[in-house]
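S.K.: Have a look at this one.
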Amino acid sequence: MTTTASNPPAALLAAIRDGQRFFVTSHQRADGDAIGSAVAGALALRALGKQATVVMDAVPPSFLQPFPDVDAIRITPSVDERVNAVLVMECSNLARCGVAGLDRSPVINIDHHPGNTFYGTHNWVDETAAACGELVFTLIDALGVALTPDIATHLYLAILTDTGSFRFSHLTPRTYALAGRCVAAGADPQWIARTHYDSNSLARVRIFGAVLNDMQMHADNRVAILSITGDQAQRLGGTYDDTEGLINFPLTVKDIQAVAFFKESGPDDWRVSLRSKGAVDTGAIAKQFGGGGHVNASGCGWQGSLEAGQATFARLLTDAVGR
Ligand SMILES: [Mn+2]
């Protein structure tokens, strides 16, 4: 395991040092690493006396809005201006940012995702980083920018959320050292965690309760099938947005190896999300129905009754988890 991530390429650093006007962006459906990396990067550029505007395609989710300077993000489907460079954080390809016109300017690609397509004029991709925020931290050090409480807050947010609160892979002594430096510079771990995580709406909690209560179990409790209709979500005071992350919850049960979640998208028309642990391949199942994804996370459509869909996916997932 490496304990030190790579350093930014010299040409990338020079492009930043020599430039005056920048856009900074990240991926659609922004998460803590996307916002933390982008805003920390922009704040650091401004500390160097440069102009830096964060541009994104949509307003960030409510639990990210209280973080410093998030209200200054320019929300737009496209940009016309040319700038000296666009810093693209956390995007394995440029289309993922959802803002058109950024490729009018030189692109600086900073990412830690496998499968990055090296679409930038300058590319810095390091899969050993636990968060893109780790790379941004290294970049800020290389630029000689001192951590302010606001920059530290965003870098800590990026690291905290992309590591699943220090639970996932790629955690190294370096991750903790950087988090420690954020706290020393004024990031408040309790405020950041509470603001990000304790943000559920009442409707979301009620929807989780109702869907989990109706969960069907198969294969000796190793396969779980969930479902919800638009009417149900509405009756509980929410929308499908409130089901974000719900599918991962059954996997916190030790014995459950695979989960399917049906969401009604029309009469006899369902969106099916699949999740699994270990080698249980949900991607191969999704592919049979014209969908796709990875081994542990995939999705597809189902045309037919809910009952028939539940039976079909219960059988396929039971086969997948094995006897
Ligand atoms: Mn990330």
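Convention: chains lettered A, B, ... in structure tokens order; per-chain residue numbering from 1; ligands numbered from 1 as shown.
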As a list in words, please: every protein or nucleic acid residue near ligand 1 (cut-off 6 Å, counting only C-alpha atoms and all ligand atoms).
M.R.: Asp33, Glu90, Ala131, Cys132 and Asp162 of chain A
S.K.: Write out, as a PDB file, in the first residue's frame, the residues just selected, with C-alpha atoms.
M.R.:
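Result file is out.pdb:
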ATOM      1  CA  ASP A  33     -15.819  14.956  -2.578  1.00  0.00           C
ATOM      2  CA  GLU A  90     -13.530  13.850  -9.903  1.00  0.00           C
ATOM      3  CA  ALA A 131     -10.590  11.056  -2.185  1.00  0.00           C
ATOM      4  CA  CYS A 132     -10.028  13.573  -4.960  1.00  0.00           C
ATOM      5  CA  ASP A 162     -15.405   9.659   0.088  1.00  0.00           C
TER       6      ASP A 162
END
S.K.: Please build the interface table for stretch 178-218 of chain A against stretch 288-312 of chain A with a cut-off of 12 Å, listing for each qualifying residue the nearest atom pair and the distance in Å to one decimal; count only C-alpha atoms, order rows by chain and increasing number, and write it as JSON lines.
M.R.:
{"residue": "A:Met215", "atom": "CA", "partner": "A:Gln310", "partner_atom": "CA", "distance": 10.8}
{"residue": "A:Gln216", "atom": "CA", "partner": "A:Gln310", "partner_atom": "CA", "distance": 8.7}
{"residue": "A:Met217", "atom": "CA", "partner": "A:Gln310", "partner_atom": "CA", "distance": 10.6}
{"residue": "A:His218", "atom": "CA", "partner": "A:Ala311", "partner_atom": "CA", "distance": 9.8}
S.K.: Can you check which residues of stretch 269-300 of chain A DSSP gives as strand (DSSP E or B) on the backbone and send them as a ChimeraX atom specification?
M.R.: /A:269-276,292-293,297-300
S.K.: Could you pull the residues within 6 Å of stretch 64-75 of chain A, counting only C-alpha atoms, minus those fewer than 3 positions along the same chain, as JSON, numbers by chain?
M.R.: {"A": [54, 55, 56, 57, 58, 61]}
S.K.: Give me, as an mmCIF file with C-alpha atoms, in the first residue's frame, all polymer residues having an atom no more than 10 Å from stretch 108-119 of chain A, counting only C-alpha atoms and skipping those fewer than 6 positions away in the same chain.
M.R.:
data_model
loop_
_atom_site.group_PDB
_atom_site.id
_atom_site.type_symbol
_atom_site.label_atom_id
_atom_site.label_comp_id
_atom_site.auth_asym_id
_atom_site.auth_seq_id
_atom_site.Cartn_x
_atom_site.Cartn_y
_atom_site.Cartn_z
ATOM 1 C CA PRO A 8 0.970 17.084 -9.609
ATOM 2 C CA LEU A 12 -0.069 21.154 -14.727
ATOM 3 C CA LEU A 13 1.348 23.303 -11.911
ATOM 4 C CA ALA A 15 -0.553 26.043 -16.218
ATOM 5 C CA ILE A 16 -2.134 27.051 -12.911
ATOM 6 C CA VAL A 24 -13.537 24.787 -11.524
ATOM 7 C CA SER A 26 -16.993 18.504 -10.826
ATOM 8 C CA SER A 37 -12.559 19.346 -4.076
ATOM 9 C CA ALA A 85 -7.858 26.701 -17.683
ATOM 10 C CA VAL A 86 -10.751 24.631 -16.352
ATOM 11 C CA LEU A 87 -10.001 22.433 -13.361
ATOM 12 C CA VAL A 88 -12.198 19.326 -13.609
ATOM 13 C CA MET A 89 -12.313 17.432 -10.307
ATOM 14 C CA GLU A 90 -13.530 13.850 -9.903
ATOM 15 C CA CYS A 91 -14.740 13.230 -13.469
ATOM 16 C CA SER A 92 -13.664 10.094 -15.325
ATOM 17 C CA ASN A 93 -14.760 11.818 -18.546
ATOM 18 C CA LEU A 94 -15.572 15.438 -19.312
ATOM 19 C CA VAL A 125 -5.080 10.709 -12.111
ATOM 20 C CA ASP A 126 -4.081 8.815 -8.983
ATOM 21 C CA GLU A 127 -6.239 5.857 -7.986
ATOM 22 C CA THR A 128 -4.387 5.450 -4.698
ATOM 23 C CA ALA A 129 -5.969 8.619 -3.325
ATOM 24 C CA ALA A 130 -8.861 7.902 -0.931
ATOM 25 C CA ALA A 131 -10.590 11.056 -2.185
ATOM 26 C CA CYS A 132 -10.028 13.573 -4.960
ATOM 27 C CA GLY A 133 -9.716 15.956 -2.010
ATOM 28 C CA GLU A 134 -6.381 14.298 -1.155
ATOM 29 C CA LEU A 135 -5.055 15.301 -4.571
ATOM 30 C CA VAL A 136 -6.422 18.836 -4.210
ATOM 31 C CA LEU A 139 -1.992 20.591 -5.193
#
S.K.: Interatomic distance between atom CA of A:Gly98 and atom CA of A:His27?
M.R.: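 Separating atom CA of A:Gly98 from atom CA of A:His27 is a distance of 7.1 Å.
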S.K.: Please extract the residues of stretch 43-258 of chain A with a backbone DSSP assignment of alpha helix (DSSP H) and present them as a ChimeraX atom specification.
M.R.: /A:43-47,132-143,149-162,173-184,189-197,202-213,230-235
S.K.: Near A:Leu48, within 9 Å and counting only C-alpha atoms, which residues show up once chain neighbours fewer than 2 positions away are dropped, as a PyMOL selection string?
M.R.: chain A and resi 17+43-46+50-51+143-145
S.K.: Point out the residue among A:Val223, A:Gly238, A:Thr252, A:Asp269 with the least atom-to-atom distance to A:Thr318, counting only C-alpha atoms.
M.R.: A:Val223
S.K.: Pick from A:Val79, A:Ala179, A:Ala10, A:Ala233: nearest to A:Arg206, with only C-alpha atoms counted?
M.R.: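 The answer is A:Ala233, which sits nearest to A:Arg206.
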S.K.: In Å, how far is it from atom CA of A:Leu246 to atom CA of A:Ser201?
M.R.: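 If I compute the distance from atom CA of A:Leu246 to atom CA of A:Ser201, I get 13.6 Å.
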S.K.: Residues at most 6 Å from stretch 38-40 of chain A, counting only C-alpha atoms, excluding those fewer than 6 positions away in the same chain, as a list of chain:residue names?
M.R.: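 My reading of the contact set: A:Val24, A:Thr25, A:Ile151, A:His154.
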S.K.: Could you take the residues named above and write them with N, CA and C atoms, as an mmCIF file, in the first residue's frame?
M.R.:
data_model
loop_
_atom_site.group_PDB
_atom_site.id
_atom_site.type_symbol
_atom_site.label_atom_id
_atom_site.label_comp_id
_atom_site.auth_asym_id
_atom_site.auth_seq_id
_atom_site.Cartn_x
_atom_site.Cartn_y
_atom_site.Cartn_z
ATOM 1 N N VAL A 24 -13.750 26.051 -12.231
ATOM 2 C CA VAL A 24 -13.537 24.787 -11.524
ATOM 3 C C VAL A 24 -14.868 24.057 -11.553
ATOM 4 N N THR A 25 -14.848 22.764 -11.854
ATOM 5 C CA THR A 25 -16.107 22.028 -11.897
ATOM 6 C C THR A 25 -15.917 20.607 -11.376
ATOM 7 N N ILE A 151 -11.003 26.470 3.435
ATOM 8 C CA ILE A 151 -10.358 25.455 2.590
ATOM 9 C C ILE A 151 -10.265 24.138 3.359
ATOM 10 N N HIS A 154 -13.564 22.218 3.483
ATOM 11 C CA HIS A 154 -13.912 21.512 2.243
ATOM 12 C C HIS A 154 -13.037 20.279 2.018
#
S.K.: Leaving out A:Leu212 and any residue of its chain fewer than 3 positions from it, which residues lie within 12 Å of it when counting only C-alpha atoms, given as a ChimeraX atom specification?
M.R.: /A:205-209,215-217,224-228,243,246-251,259,261
S.K.: Based on the selection just made, write C-alpha atoms of those residues as a compact mmCIF listing (two decimals), in the first residue's frame.
M.R.:
# COMPACT_ATOMS: atom_id res chain seq x y z
CA VAL A 205 -37.09 8.35 7.12
CA ARG A 206 -40.76 7.31 6.66
CA ILE A 207 -40.04 5.99 3.14
CA PHE A 208 -37.04 4.00 4.39
CA GLY A 209 -39.24 2.52 7.13
CA MET A 215 -38.80 -6.20 2.13
CA GLN A 216 -39.11 -9.71 0.69
CA MET A 217 -36.49 -12.26 1.71
CA ALA A 224 -33.65 -9.05 -0.41
CA ILE A 225 -36.20 -7.52 -2.80
CA LEU A 226 -37.49 -3.98 -2.24
CA SER A 227 -40.11 -1.96 -4.10
CA ILE A 228 -41.87 1.39 -4.12
CA THR A 243 -34.87 6.79 -1.67
CA LEU A 246 -31.91 3.09 0.54
CA ILE A 247 -30.79 0.07 -1.48
CA ASN A 248 -27.49 -0.13 0.42
CA PHE A 249 -29.23 -0.46 3.78
CA PRO A 250 -30.15 -4.18 3.57
CA LEU A 251 -26.48 -4.97 2.83
CA VAL A 259 -30.53 -6.67 -3.15
CA PHE A 261 -34.97 -2.44 -5.63
